[in-house]
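Colleague: Provided below: model.cif, containing mmCIF, C-alpha atoms (C1' of nucleotides).
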data_coords
#
loop_
_atom_site.label_atom_id
_atom_site.label_comp_id
_atom_site.auth_asym_id
_atom_site.auth_seq_id
_atom_site.Cartn_x
_atom_site.Cartn_y
_atom_site.Cartn_z
CA MET W 1052 -52.89 -90.16 -56.61
CA SER W 1053 -55.01 -92.87 -58.19
CA THR W 1054 -53.70 -96.27 -59.10
CA GLU W 1055 -55.58 -98.41 -61.56
CA SER W 1056 -56.02 -102.02 -60.56
CA GLY W 1057 -58.49 -104.81 -61.02
CA SER W 1058 -61.39 -102.92 -59.51
CA GLY W 1059 -60.70 -99.43 -60.78
CA PRO W 1060 -58.94 -96.33 -59.44
CA VAL W 1061 -57.73 -96.43 -55.84
CA ASN W 1062 -57.42 -93.47 -53.49
CA VAL W 1063 -53.94 -94.26 -52.27
CA ALA W 1064 -53.77 -91.35 -49.82
CA GLY W 1065 -57.14 -92.22 -48.32
CA VAL W 1066 -56.40 -95.90 -47.87
CA LEU W 1067 -53.01 -95.08 -46.40
CA ARG W 1068 -54.45 -92.51 -44.00
CA VAL W 1069 -56.98 -94.95 -42.58
CA ALA W 1070 -54.44 -97.77 -42.26
CA THR W 1071 -51.94 -95.46 -40.55
CA THR W 1072 -54.50 -94.02 -38.14
CA ARG W 1073 -55.70 -97.43 -37.01
CA THR W 1074 -52.24 -98.95 -36.76
CA MET W 1075 -51.14 -96.08 -34.53
CA ARG W 1076 -54.15 -96.55 -32.27
CA ARG W 1077 -53.34 -100.21 -31.91
CA LEU W 1078 -49.69 -99.59 -31.25
CA ARG W 1079 -50.55 -97.06 -28.56
CA ALA W 1080 -53.16 -99.32 -26.98
CA VAL W 1081 -50.82 -102.28 -26.90
CA GLY W 1082 -48.01 -100.28 -25.28
CA ALA W 1083 -46.09 -101.49 -22.26
CA ARG W 1084 -47.26 -98.48 -20.25
CA ARG W 1085 -43.85 -97.37 -19.02
CA ILE W 1086 -42.50 -95.53 -22.03
CA THR W 1087 -44.74 -93.98 -24.65
CA LEU W 1088 -44.29 -94.26 -28.40
CA THR W 1089 -43.20 -90.63 -28.58
CA GLN W 1090 -40.57 -91.10 -25.90
CA LEU W 1091 -39.38 -94.31 -27.52
CA SER W 1092 -39.04 -92.59 -30.88
CA ALA W 1093 -37.08 -89.72 -29.34
CA MET W 1094 -34.78 -92.14 -27.52
CA ALA W 1095 -34.12 -94.02 -30.74
CA SER W 1096 -33.11 -90.76 -32.43
CA ILE W 1097 -30.82 -89.85 -29.54
CA GLN W 1098 -29.20 -93.26 -29.67
CA ALA W 1099 -28.66 -92.99 -33.42
CA ALA W 1100 -26.99 -89.59 -33.02
CA GLY W 1101 -25.06 -90.35 -29.84
CA GLU W 1102 -25.44 -86.79 -28.62
CA LEU W 1103 -27.37 -83.89 -30.11
CA THR W 1104 -29.04 -80.61 -29.20
CA LEU W 1105 -32.64 -80.37 -28.19
CA GLY W 1106 -33.36 -78.31 -31.28
CA GLU W 1107 -31.83 -80.86 -33.63
CA LEU W 1108 -33.78 -83.60 -31.93
CA ALA W 1109 -37.03 -81.66 -32.29
CA ALA W 1110 -36.28 -81.16 -35.99
CA ARG W 1111 -35.55 -84.85 -36.54
CA GLU W 1112 -38.75 -85.83 -34.78
CA HIS W 1113 -40.72 -83.16 -36.63
CA VAL W 1114 -42.08 -81.54 -33.49
CA GLN W 1115 -41.72 -78.03 -32.08
CA PRO W 1116 -39.05 -77.31 -29.43
CA PRO W 1117 -41.54 -76.92 -26.56
CA SER W 1118 -42.92 -80.37 -27.30
CA MET W 1119 -39.45 -81.86 -27.20
CA THR W 1120 -38.58 -79.99 -23.99
CA ARG W 1121 -41.47 -81.82 -22.37
CA VAL W 1122 -40.44 -85.22 -23.67
CA ILE W 1123 -36.86 -84.72 -22.53
CA THR W 1124 -37.93 -83.42 -19.12
CA THR W 1125 -39.91 -86.60 -18.55
CA LEU W 1126 -37.11 -88.86 -19.78
CA HIS W 1127 -34.68 -86.96 -17.56
CA ASP W 1128 -36.95 -87.45 -14.56
CA TYR W 1129 -36.89 -91.17 -15.38
CA GLY W 1130 -33.10 -91.08 -15.46
CA LEU W 1131 -32.98 -92.18 -19.09
CA VAL W 1132 -31.27 -89.15 -20.63
CA THR W 1133 -28.69 -86.56 -19.57
CA ARG W 1134 -28.83 -82.87 -20.50
CA LYS W 1135 -25.84 -80.57 -20.37
CA SER W 1136 -25.03 -77.13 -21.68
CA ASP W 1137 -22.91 -77.01 -24.78
CA PRO W 1138 -19.56 -75.66 -23.57
CA ASN W 1139 -19.17 -73.68 -26.80
CA ASP W 1140 -22.65 -72.16 -26.74
CA GLY W 1141 -24.42 -71.96 -23.43
CA ARG W 1142 -27.81 -71.54 -25.08
CA GLN W 1143 -27.78 -75.04 -26.47
CA VAL W 1144 -28.58 -78.17 -24.53
CA LEU W 1145 -26.86 -81.42 -25.44
CA VAL W 1146 -28.89 -84.56 -24.86
CA SER W 1147 -27.68 -88.16 -24.68
CA LEU W 1148 -28.85 -91.50 -23.29
CA THR W 1149 -27.75 -92.79 -19.90
CA ASP W 1150 -26.74 -96.43 -19.49
CA LYS W 1151 -30.17 -97.07 -18.10
CA GLY W 1152 -31.58 -95.29 -21.16
CA HIS W 1153 -29.79 -97.66 -23.51
CA GLU W 1154 -31.03 -100.66 -21.54
CA ILE W 1155 -34.60 -99.46 -21.35
CA LEU W 1156 -34.63 -98.52 -25.03
CA ALA W 1157 -33.61 -102.01 -26.06
CA GLU W 1158 -36.04 -103.62 -23.67
CA GLU W 1159 -38.98 -101.35 -24.50
CA ALA W 1160 -38.45 -101.60 -28.21
CA ARG W 1161 -38.74 -105.37 -27.88
CA THR W 1162 -41.76 -105.28 -25.58
CA ARG W 1163 -43.52 -102.52 -27.47
CA GLU W 1164 -43.16 -104.25 -30.77
CA ALA W 1165 -44.00 -107.68 -29.48
CA TRP W 1166 -47.65 -107.45 -30.40
CA LEU W 1167 -46.98 -106.13 -33.87
CA ALA W 1168 -44.17 -108.60 -34.39
CA ASP W 1169 -46.52 -111.37 -33.31
CA GLN W 1170 -49.09 -110.36 -35.92
CA ILE W 1171 -46.39 -110.08 -38.53
CA LYS W 1172 -44.64 -113.37 -37.89
CA ASP W 1173 -47.24 -115.44 -39.71
CA LEU W 1174 -47.25 -113.30 -42.82
CA SER W 1175 -45.65 -114.60 -45.96
CA GLU W 1176 -42.14 -113.39 -46.71
CA GLU W 1177 -43.64 -111.47 -49.59
CA ASP W 1178 -46.07 -109.59 -47.35
CA LYS W 1179 -43.31 -108.78 -44.87
CA GLN W 1180 -41.25 -107.44 -47.72
CA THR W 1181 -44.19 -105.30 -48.84
CA LEU W 1182 -44.48 -103.78 -45.35
CA VAL W 1183 -40.78 -102.98 -45.24
CA GLU W 1184 -40.83 -101.47 -48.70
CA ALA W 1185 -43.91 -99.40 -47.89
CA SER W 1186 -42.22 -98.15 -44.70
CA LEU W 1187 -39.18 -97.07 -46.67
CA ILE W 1188 -41.32 -95.34 -49.27
CA LEU W 1189 -43.16 -93.51 -46.48
CA MET W 1190 -39.97 -92.43 -44.76
CA ARG W 1191 -38.70 -91.08 -48.05
CA LEU W 1192 -42.04 -89.39 -48.72
CA ILE W 1193 -42.24 -87.58 -45.40
CA GLY W 1194 -38.65 -86.55 -45.54
CA GLU W 1195 -36.73 -88.72 -43.12
CA MET I 1435 -40.59 -110.98 -37.55
CA SER I 1436 -37.30 -110.87 -39.42
CA THR I 1437 -37.11 -110.80 -43.15
CA GLU I 1438 -33.88 -111.72 -44.85
CA SER I 1439 -32.83 -109.46 -47.64
CA GLY I 1440 -29.71 -108.16 -49.25
CA SER I 1441 -28.34 -106.58 -46.08
CA GLY I 1442 -29.44 -109.14 -43.52
CA PRO I 1443 -32.39 -109.56 -41.14
CA VAL I 1444 -34.83 -106.65 -40.89
CA ASN I 1445 -36.92 -105.73 -37.87
CA VAL I 1446 -40.20 -105.35 -39.71
CA ALA I 1447 -42.16 -104.27 -36.65
CA GLY I 1448 -39.59 -101.65 -35.72
CA VAL I 1449 -39.35 -100.13 -39.16
CA LEU I 1450 -43.12 -100.11 -39.47
CA ARG I 1451 -43.57 -98.48 -36.07
CA VAL I 1452 -41.24 -95.60 -36.90
CA ALA I 1453 -42.77 -95.06 -40.34
CA THR I 1454 -46.29 -95.09 -38.92
CA THR I 1455 -45.46 -92.72 -36.05
CA ARG I 1456 -43.88 -90.14 -38.33
CA THR I 1457 -46.53 -90.40 -41.02
CA MET I 1458 -49.22 -89.79 -38.42
CA ARG I 1459 -47.39 -86.71 -37.10
CA ARG I 1460 -47.17 -85.32 -40.58
CA LEU I 1461 -50.79 -86.03 -41.38
CA ARG I 1462 -51.90 -84.33 -38.19
CA ALA I 1463 -49.60 -81.37 -38.75
CA VAL I 1464 -50.77 -80.91 -42.33
CA GLY I 1465 -54.44 -80.94 -41.34
CA ALA I 1466 -56.88 -78.30 -42.45
CA ARG I 1467 -57.48 -77.31 -38.82
CA ARG I 1468 -61.25 -77.58 -38.92
CA ILE I 1469 -61.78 -81.29 -38.55
CA THR I 1470 -59.25 -83.57 -36.91
CA LEU I 1471 -58.10 -86.94 -38.24
CA THR I 1472 -60.03 -88.73 -35.52
CA GLN I 1473 -63.23 -86.89 -36.36
CA LEU I 1474 -62.69 -87.47 -40.06
CA SER I 1475 -62.19 -91.17 -39.51
CA ALA I 1476 -65.35 -91.42 -37.40
CA MET I 1477 -67.35 -89.52 -40.02
CA ALA I 1478 -66.09 -91.85 -42.74
CA SER I 1479 -67.26 -94.85 -40.72
CA ILE I 1480 -70.66 -93.25 -40.15
CA GLN I 1481 -71.02 -92.52 -43.85
CA ALA I 1482 -70.07 -96.08 -44.76
CA ALA I 1483 -72.68 -97.47 -42.37
CA GLY I 1484 -75.39 -94.89 -43.06
CA GLU I 1485 -76.59 -95.05 -39.47
CA LEU I 1486 -75.16 -96.93 -36.50
CA THR I 1487 -75.07 -96.92 -32.72
CA LEU I 1488 -72.41 -95.13 -30.76
CA GLY I 1489 -71.17 -98.45 -29.42
CA GLU I 1490 -70.82 -99.97 -32.88
CA LEU I 1491 -68.98 -96.91 -34.05
CA ALA I 1492 -66.59 -97.07 -31.09
CA ALA I 1493 -65.93 -100.74 -31.86
CA ARG I 1494 -65.24 -100.03 -35.54
CA GLU I 1495 -62.87 -97.22 -34.66
CA HIS I 1496 -61.24 -99.31 -31.93
CA VAL I 1497 -61.78 -96.76 -29.19
CA GLN I 1498 -63.69 -96.97 -25.90
CA PRO I 1499 -67.27 -95.64 -25.74
CA PRO I 1500 -66.38 -92.57 -23.64
CA SER I 1501 -63.86 -91.53 -26.27
CA MET I 1502 -66.47 -91.83 -29.00
CA THR I 1503 -69.03 -89.94 -26.92
CA ARG I 1504 -66.61 -87.03 -26.94
CA VAL I 1505 -65.97 -87.18 -30.66
CA ILE I 1506 -69.68 -87.33 -31.43
CA THR I 1507 -70.48 -84.51 -29.01
CA THR I 1508 -68.04 -82.28 -30.84
CA LEU I 1509 -69.30 -83.28 -34.28
CA HIS I 1510 -72.85 -82.70 -33.07
CA ASP I 1511 -71.90 -79.24 -31.81
CA TYR I 1512 -70.55 -78.57 -35.30
CA GLY I 1513 -73.86 -79.70 -36.80
CA LEU I 1514 -72.20 -82.53 -38.71
CA VAL I 1515 -73.98 -85.51 -37.13
CA THR I 1516 -77.40 -86.26 -35.67
CA ARG I 1517 -78.01 -88.42 -32.62
CA LYS I 1518 -81.34 -90.01 -31.80
CA SER I 1519 -82.56 -92.69 -29.45
CA ASP I 1520 -83.16 -96.07 -31.03
CA PRO I 1521 -86.98 -96.45 -30.93
CA ASN I 1522 -86.61 -100.17 -30.20
CA ASP I 1523 -84.04 -99.75 -27.43
CA GLY I 1524 -83.88 -96.44 -25.64
CA ARG I 1525 -80.42 -97.14 -24.31
CA GLN I 1526 -78.86 -96.98 -27.71
CA VAL I 1527 -78.02 -93.83 -29.61
CA LEU I 1528 -78.21 -93.87 -33.40
CA VAL I 1529 -75.75 -91.64 -35.16
CA SER I 1530 -75.79 -90.43 -38.76
CA LEU I 1531 -74.36 -87.62 -40.87
CA THR I 1532 -76.27 -84.44 -41.61
CA ASP I 1533 -76.24 -82.99 -45.12
CA LYS I 1534 -73.60 -80.59 -43.94
CA GLY I 1535 -71.69 -83.57 -42.54
CA HIS I 1536 -71.64 -85.26 -45.93
CA GLU I 1537 -70.44 -82.07 -47.59
CA ILE I 1538 -67.74 -81.38 -45.04
CA LEU I 1539 -66.58 -84.99 -45.10
CA ALA I 1540 -66.05 -84.90 -48.84
CA GLU I 1541 -64.37 -81.52 -48.69
CA GLU I 1542 -62.15 -82.30 -45.70
CA ALA I 1543 -61.11 -85.68 -47.01
CA ARG I 1544 -59.89 -83.97 -50.16
CA THR I 1545 -58.10 -81.17 -48.32
CA ARG I 1546 -56.67 -83.39 -45.63
CA GLU I 1547 -55.28 -85.86 -48.07
CA ALA I 1548 -54.08 -83.28 -50.52
CA TRP I 1549 -50.62 -83.07 -49.02
CA LEU I 1550 -50.19 -86.81 -48.89
CA ALA I 1551 -51.68 -87.22 -52.35
CA ASP I 1552 -49.28 -84.59 -53.60
CA GLN I 1553 -46.30 -86.51 -52.25
CA ILE I 1554 -47.68 -89.71 -53.69
CA LYS I 1555 -48.48 -88.47 -57.17
CA ASP I 1556 -44.89 -88.59 -58.38
CA LEU I 1557 -44.25 -92.12 -57.16
CA SER I 1558 -43.98 -94.92 -59.65
CA GLU I 1559 -47.09 -97.03 -60.17
CA GLU I 1560 -45.18 -99.83 -58.52
CA ASP I 1561 -44.52 -97.81 -55.36
CA LYS I 1562 -48.15 -96.71 -55.22
CA GLN I 1563 -49.20 -100.31 -55.50
CA THR I 1564 -46.81 -101.21 -52.67
CA LEU I 1565 -48.41 -98.58 -50.42
CA VAL I 1566 -51.90 -99.84 -51.19
CA GLU I 1567 -50.89 -103.45 -50.59
CA ALA I 1568 -49.17 -102.56 -47.34
CA SER I 1569 -52.28 -100.68 -46.20
CA LEU I 1570 -54.44 -103.70 -46.94
CA ILE I 1571 -52.03 -106.01 -45.11
CA LEU I 1572 -52.11 -103.65 -42.11
CA MET I 1573 -55.88 -103.44 -42.06
CA ARG I 1574 -56.05 -107.22 -42.12
CA LEU I 1575 -53.39 -107.45 -39.41
CA ILE I 1576 -55.07 -105.07 -37.00
CA GLY I 1577 -58.44 -106.64 -37.57
CA GLU I 1578 -60.43 -104.29 -39.73
"C1'" DT Z 1147 -79.20 -107.83 -13.05
"C1'" DA Z 1148 -77.03 -106.64 -17.55
"C1'" DT Z 1149 -76.24 -103.35 -21.18
"C1'" DT Z 1150 -75.58 -98.71 -23.30
"C1'" DG Z 1151 -74.06 -94.53 -23.00
"C1'" DT Z 1152 -72.46 -90.36 -20.22
"C1'" DT Z 1153 -69.83 -87.86 -16.72
"C1'" DA Z 1154 -65.77 -87.23 -13.98
"C1'" DT Z 1155 -61.06 -87.41 -13.91
"C1'" DA Z 1156 -56.44 -87.87 -15.48
"C1'" DC Z 1157 -52.52 -88.26 -18.57
"C1'" DT Z 1158 -50.04 -87.82 -23.13
"C1'" DC Z 1159 -49.10 -85.22 -27.28
"C1'" DT Z 1160 -48.94 -81.25 -29.54
"C1'" DA Z 1161 -49.06 -76.33 -30.68
"C1'" DT Z 1162 -48.48 -71.05 -30.24
"C1'" DA Z 1163 -47.14 -67.07 -27.54
"C1'" DA Z 1164 -44.39 -65.01 -24.24
"C1'" DC Z 1165 -40.28 -65.14 -21.57
"C1'" DT Z 1166 -35.20 -65.99 -20.15
"C1'" DA Z 1167 -30.49 -66.67 -20.99
"C1'" DT Z 1168 -26.82 -66.46 -23.99
"C1'" DA Z 1169 -24.44 -64.88 -28.17
"C1'" DT Q 1467 -30.83 -57.82 -31.92
"C1'" DA Q 1468 -31.04 -62.84 -32.87
"C1'" DT Q 1469 -31.11 -67.59 -31.32
"C1'" DA Q 1470 -32.00 -71.74 -28.16
"C1'" DG Q 1471 -34.64 -73.32 -24.99
"C1'" DT Q 1472 -38.31 -73.01 -21.28
"C1'" DT Q 1473 -42.72 -71.78 -19.24
"C1'" DA Q 1474 -47.56 -70.82 -19.66
"C1'" DT Q 1475 -51.60 -72.06 -21.66
"C1'" DA Q 1476 -54.83 -74.59 -24.40
"C1'" DG Q 1477 -57.07 -78.21 -27.01
"C1'" DA Q 1478 -57.35 -83.00 -28.93
"C1'" DG Q 1479 -57.25 -87.86 -28.03
"C1'" DT Q 1480 -57.45 -91.47 -25.13
"C1'" DA Q 1481 -58.37 -94.33 -21.01
"C1'" DT Q 1482 -60.60 -96.17 -16.57
"C1'" DA Q 1483 -64.05 -95.77 -12.93
"C1'" DA Q 1484 -68.41 -94.49 -11.44
"C1'" DC Q 1485 -73.00 -93.31 -12.63
"C1'" DA Q 1486 -77.73 -93.10 -15.03
"C1'" DA Q 1487 -81.15 -94.88 -17.90
"C1'" DT Q 1488 -83.21 -98.61 -20.07
"C1'" DA Q 1489 -84.04 -103.47 -20.87
#
If you took the structure in this file and wrote it as structure tokens, what would it be?
Modeller:
Amino acid sequence: MSTESGSGPVNVAGVLRVATTRTMRRLRAVGARRITLTQLSAMASIQAAGELTLGELAAREHVQPPSMTRVITTLHDYGLVTRKSDPNDGRQVLVSLTDKGHEILAEEARTREAWLADQIKDLSEEDKQTLVEASLILMRLIGE
Amino acid sequence: MSTESGSGPVNVAGVLRVATTRTMRRLRAVGARRITLTQLSAMASIQAAGELTLGELAAREHVQPPSMTRVITTLHDYGLVTRKSDPNDGRQVLVSLTDKGHEILAEEARTREAWLADQIKDLSEEDKQTLVEASLILMRLIGE
DNA sequence: TATTGTTATACTCTATAACTATA
DNA sequence: TATAGTTATAGAGTATAACAATA
């Protein structure tokens, strides 16, 4: 967990934790106020899958089913997702995006990331590459 | 905001947002259940400063004063921080860690980061370095 | 009057436990 | 009886608006 560098051993986990915590706070604070980060993330997963059960979605997002029920209920109230019973197994609920959901997802993703993208745009190509690589390492690390 | 690479332009902000969101979820979920990430982060800032006002602390943590009041109230209830009026300006509240606070901070930081550190330990030195560099770029980007 | 912090209020995110419906 | 999802409940984290105390 320690990496030697110019100034001695580095607590990688600690540095990463602080950076992640503060980046999340900023991303939340900067939000467009219509769709939350959690909802956006869920919608992105639904879009990627096309259609999937609530349980699968909860697993992919690493949250418990009751948490996902809430997210989906809100998105359904907004008219952004559809829910229907699986014809083969009435216990399961199949979730997908509505047309409006696809539109809003694209629009929100742009708006939501505008601030971050704006900070990033002046970075060197090398720094951008570092951020992308670190993101990929993280996704691998946390199992997604 | 786009970085050309082998497979075309990359949405750096988007990739980073997803990675950050999921890493935070994992870090919260893995927590030791006594002290939260927010409290831990506040305590680390207090320790770094030695003693500081509630307002300064809120600014460093990028939260509003009422949010920090809550965090400090909880930590005070736990006996981990002291609050006293600034003798030179009765409006201000000076916050510092108690002995127990220092102990718990050290212990919690270890426990809390253990999971992440465990994932990280098998990475190549190069990947570790990438995570550290990305963290530093992020901290610079979000203004801390 | 301006500043610092607190209280009141509200909303999101998340979890666990208990319940319902279906298999 | 086992599984998928929902409802009930609770606590953390955060914000804005209104207030109190001090300068």
Colleague: Least-squares fit on all C-alpha atoms, paired in order: put chain W onto chain I and return it as a CSV table (one decimal) with C-alpha atoms, keeping the file's coordinate frame.
Modeller:
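Result went into superposed12.csv, see below:
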chain,number,residue,atom,x,y,z
W,1052,MET,CA,-40.7,-111.1,-37.6
W,1053,SER,CA,-37.4,-110.9,-39.5
W,1054,THR,CA,-37.1,-110.8,-43.2
W,1055,GLU,CA,-33.9,-111.7,-44.9
W,1056,SER,CA,-32.8,-109.4,-47.7
W,1057,GLY,CA,-29.7,-108.1,-49.3
W,1058,SER,CA,-28.3,-106.6,-46.1
W,1059,GLY,CA,-29.5,-109.2,-43.6
W,1060,PRO,CA,-32.4,-109.6,-41.2
W,1061,VAL,CA,-34.9,-106.7,-41.0
W,1062,ASN,CA,-37.0,-105.8,-37.9
W,1063,VAL,CA,-40.2,-105.4,-39.8
W,1064,ALA,CA,-42.2,-104.4,-36.7
W,1065,GLY,CA,-39.6,-101.8,-35.8
W,1066,VAL,CA,-39.4,-100.2,-39.2
W,1067,LEU,CA,-43.1,-100.2,-39.5
W,1068,ARG,CA,-43.6,-98.6,-36.1
W,1069,VAL,CA,-41.3,-95.7,-36.9
W,1070,ALA,CA,-42.7,-95.1,-40.4
W,1071,THR,CA,-46.3,-95.2,-38.9
W,1072,THR,CA,-45.4,-92.8,-36.1
W,1073,ARG,CA,-43.8,-90.2,-38.3
W,1074,THR,CA,-46.5,-90.4,-41.0
W,1075,MET,CA,-49.2,-89.8,-38.4
W,1076,ARG,CA,-47.3,-86.8,-37.1
W,1077,ARG,CA,-47.1,-85.4,-40.6
W,1078,LEU,CA,-50.7,-86.0,-41.4
W,1079,ARG,CA,-51.8,-84.3,-38.2
W,1080,ALA,CA,-49.5,-81.4,-38.7
W,1081,VAL,CA,-50.6,-80.9,-42.3
W,1082,GLY,CA,-54.3,-80.9,-41.3
W,1083,ALA,CA,-56.8,-78.4,-42.4
W,1084,ARG,CA,-57.5,-77.3,-38.8
W,1085,ARG,CA,-61.3,-77.6,-39.0
W,1086,ILE,CA,-61.8,-81.3,-38.6
W,1087,THR,CA,-59.3,-83.6,-36.9
W,1088,LEU,CA,-58.1,-87.0,-38.2
W,1089,THR,CA,-60.1,-88.7,-35.5
W,1090,GLN,CA,-63.3,-86.9,-36.4
W,1091,LEU,CA,-62.7,-87.5,-40.1
W,1092,SER,CA,-62.2,-91.2,-39.5
W,1093,ALA,CA,-65.3,-91.5,-37.4
W,1094,MET,CA,-67.3,-89.6,-40.0
W,1095,ALA,CA,-66.1,-92.0,-42.7
W,1096,SER,CA,-67.3,-95.0,-40.6
W,1097,ILE,CA,-70.7,-93.4,-40.1
W,1098,GLN,CA,-71.0,-92.7,-43.8
W,1099,ALA,CA,-70.1,-96.3,-44.6
W,1100,ALA,CA,-72.7,-97.6,-42.2
W,1101,GLY,CA,-75.4,-95.1,-43.0
W,1102,GLU,CA,-76.6,-95.2,-39.4
W,1103,LEU,CA,-75.2,-97.0,-36.4
W,1104,THR,CA,-75.1,-96.9,-32.6
W,1105,LEU,CA,-72.4,-95.1,-30.7
W,1106,GLY,CA,-71.2,-98.4,-29.3
W,1107,GLU,CA,-70.8,-100.0,-32.7
W,1108,LEU,CA,-69.0,-96.9,-33.9
W,1109,ALA,CA,-66.6,-97.0,-31.0
W,1110,ALA,CA,-66.0,-100.7,-31.7
W,1111,ARG,CA,-65.3,-100.1,-35.4
W,1112,GLU,CA,-62.9,-97.2,-34.5
W,1113,HIS,CA,-61.2,-99.3,-31.8
W,1114,VAL,CA,-61.8,-96.7,-29.1
W,1115,GLN,CA,-63.7,-96.8,-25.8
W,1116,PRO,CA,-67.3,-95.5,-25.6
W,1117,PRO,CA,-66.4,-92.4,-23.6
W,1118,SER,CA,-63.9,-91.4,-26.3
W,1119,MET,CA,-66.5,-91.8,-29.0
W,1120,THR,CA,-69.1,-89.8,-26.9
W,1121,ARG,CA,-66.7,-86.9,-27.0
W,1122,VAL,CA,-66.0,-87.1,-30.7
W,1123,ILE,CA,-69.7,-87.3,-31.5
W,1124,THR,CA,-70.5,-84.4,-29.1
W,1125,THR,CA,-68.1,-82.2,-31.0
W,1126,LEU,CA,-69.4,-83.3,-34.4
W,1127,HIS,CA,-72.9,-82.7,-33.2
W,1128,ASP,CA,-72.0,-79.2,-32.0
W,1129,TYR,CA,-70.6,-78.6,-35.5
W,1130,GLY,CA,-73.9,-79.8,-37.0
W,1131,LEU,CA,-72.2,-82.6,-38.8
W,1132,VAL,CA,-74.0,-85.6,-37.2
W,1133,THR,CA,-77.5,-86.3,-35.8
W,1134,ARG,CA,-78.1,-88.4,-32.7
W,1135,LYS,CA,-81.4,-90.0,-31.8
W,1136,SER,CA,-82.6,-92.6,-29.4
W,1137,ASP,CA,-83.2,-96.0,-30.9
W,1138,PRO,CA,-87.0,-96.4,-30.8
W,1139,ASN,CA,-86.7,-100.1,-30.0
W,1140,ASP,CA,-84.1,-99.6,-27.2
W,1141,GLY,CA,-84.0,-96.2,-25.5
W,1142,ARG,CA,-80.5,-96.9,-24.1
W,1143,GLN,CA,-78.9,-96.9,-27.6
W,1144,VAL,CA,-78.1,-93.8,-29.5
W,1145,LEU,CA,-78.2,-93.9,-33.3
W,1146,VAL,CA,-75.8,-91.7,-35.1
W,1147,SER,CA,-75.8,-90.5,-38.8
W,1148,LEU,CA,-74.4,-87.8,-40.9
W,1149,THR,CA,-76.3,-84.6,-41.7
W,1150,ASP,CA,-76.2,-83.2,-45.2
W,1151,LYS,CA,-73.6,-80.8,-44.1
W,1152,GLY,CA,-71.7,-83.7,-42.6
W,1153,HIS,CA,-71.6,-85.5,-46.0
W,1154,GLU,CA,-70.4,-82.3,-47.7
W,1155,ILE,CA,-67.8,-81.5,-45.1
W,1156,LEU,CA,-66.6,-85.1,-45.1
W,1157,ALA,CA,-66.0,-85.1,-48.9
W,1158,GLU,CA,-64.4,-81.7,-48.7
W,1159,GLU,CA,-62.1,-82.4,-45.7
W,1160,ALA,CA,-61.1,-85.8,-47.0
W,1161,ARG,CA,-59.8,-84.0,-50.2
W,1162,THR,CA,-58.1,-81.2,-48.3
W,1163,ARG,CA,-56.7,-83.3,-45.6
W,1164,GLU,CA,-55.2,-85.7,-48.0
W,1165,ALA,CA,-53.9,-83.1,-50.4
W,1166,TRP,CA,-50.5,-83.0,-48.9
W,1167,LEU,CA,-50.1,-86.7,-48.8
W,1168,ALA,CA,-51.6,-87.1,-52.3
W,1169,ASP,CA,-49.1,-84.5,-53.5
W,1170,GLN,CA,-46.2,-86.4,-52.2
W,1171,ILE,CA,-47.5,-89.6,-53.7
W,1172,LYS,CA,-48.3,-88.3,-57.1
W,1173,ASP,CA,-44.7,-88.5,-58.3
W,1174,LEU,CA,-44.1,-92.0,-57.1
W,1175,SER,CA,-43.9,-94.8,-59.7
W,1176,GLU,CA,-47.0,-96.9,-60.2
W,1177,GLU,CA,-45.1,-99.7,-58.6
W,1178,ASP,CA,-44.5,-97.7,-55.4
W,1179,LYS,CA,-48.1,-96.6,-55.2
W,1180,GLN,CA,-49.1,-100.2,-55.6
W,1181,THR,CA,-46.8,-101.1,-52.7
W,1182,LEU,CA,-48.4,-98.5,-50.5
W,1183,VAL,CA,-51.9,-99.7,-51.2
W,1184,GLU,CA,-50.9,-103.3,-50.7
W,1185,ALA,CA,-49.2,-102.5,-47.4
W,1186,SER,CA,-52.3,-100.6,-46.3
W,1187,LEU,CA,-54.4,-103.6,-47.0
W,1188,ILE,CA,-52.1,-105.9,-45.2
W,1189,LEU,CA,-52.1,-103.6,-42.2
W,1190,MET,CA,-55.9,-103.4,-42.2
W,1191,ARG,CA,-56.1,-107.1,-42.2
W,1192,LEU,CA,-53.4,-107.4,-39.5
W,1193,ILE,CA,-55.1,-105.1,-37.1
W,1194,GLY,CA,-58.5,-106.6,-37.7
W,1195,GLU,CA,-60.5,-104.2,-39.8
Colleague: Please report as an MDAnalysis selection string which residues of chain W come no farther than 9 Å from chain I, using all atoms listed in the file.
Modeller: chainID W and resid 1052:1056 1061:1078 1088:1089 1092 1112:1114 1160:1161 1164:1174 1176 1178:1190 1192:1193 1195
Colleague: Would you kindly return, as JSON, numbers by chain, each protein, DNA or RNA residue with an atom no farther than 12 Å from any atom of stretch 1153-1164 of chain Z, considering all atoms listed in the file and excluding same-chain residues fewer than 4 positions away?
Modeller: {"W": [1079, 1084, 1086, 1087, 1088, 1089, 1090, 1113, 1114, 1115, 1116, 1117, 1118, 1119, 1120, 1121, 1122, 1125], "I": [1459, 1460, 1462, 1463, 1467, 1500, 1501, 1503, 1504], "Q": [1472, 1473, 1474, 1475, 1476, 1477, 1478, 1479, 1480, 1481, 1482, 1483, 1484, 1485, 1486]}
Colleague: Would you pick out the contacts of Q:DT1469 at 9 Å or less, using all atoms listed in the file, so that residues sharing its chain but fewer than 3 positions from it are not included, and give the list as a list in words?
Modeller: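 Listing them by chain and then by number gives Arg1142 of chain W; DT1168 and DA1169 of chain Z.
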Colleague: Pull out every residue that the PyMOL selection byres ((chain Z) within 8 of (chain I)) matches in the shown coordinates and put them as a list of chain:residue names.
Modeller: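 Expected selection for the PyMOL selection byres ((chain Z) within 8 of (chain I)) here is Z:DT1150, Z:DG1151, Z:DT1152.
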Colleague: Keeping only C-alpha atoms (C1' of nucleotides), write the selected residues as a tab-separated table (two decimals), in the frame of the given file.
Modeller:
chain	number	residue	atom	x	y	z
Z	1150	DT	C1'	-75.58	-98.71	-23.30
Z	1151	DG	C1'	-74.06	-94.53	-23.00
Z	1152	DT	C1'	-72.46	-90.36	-20.22
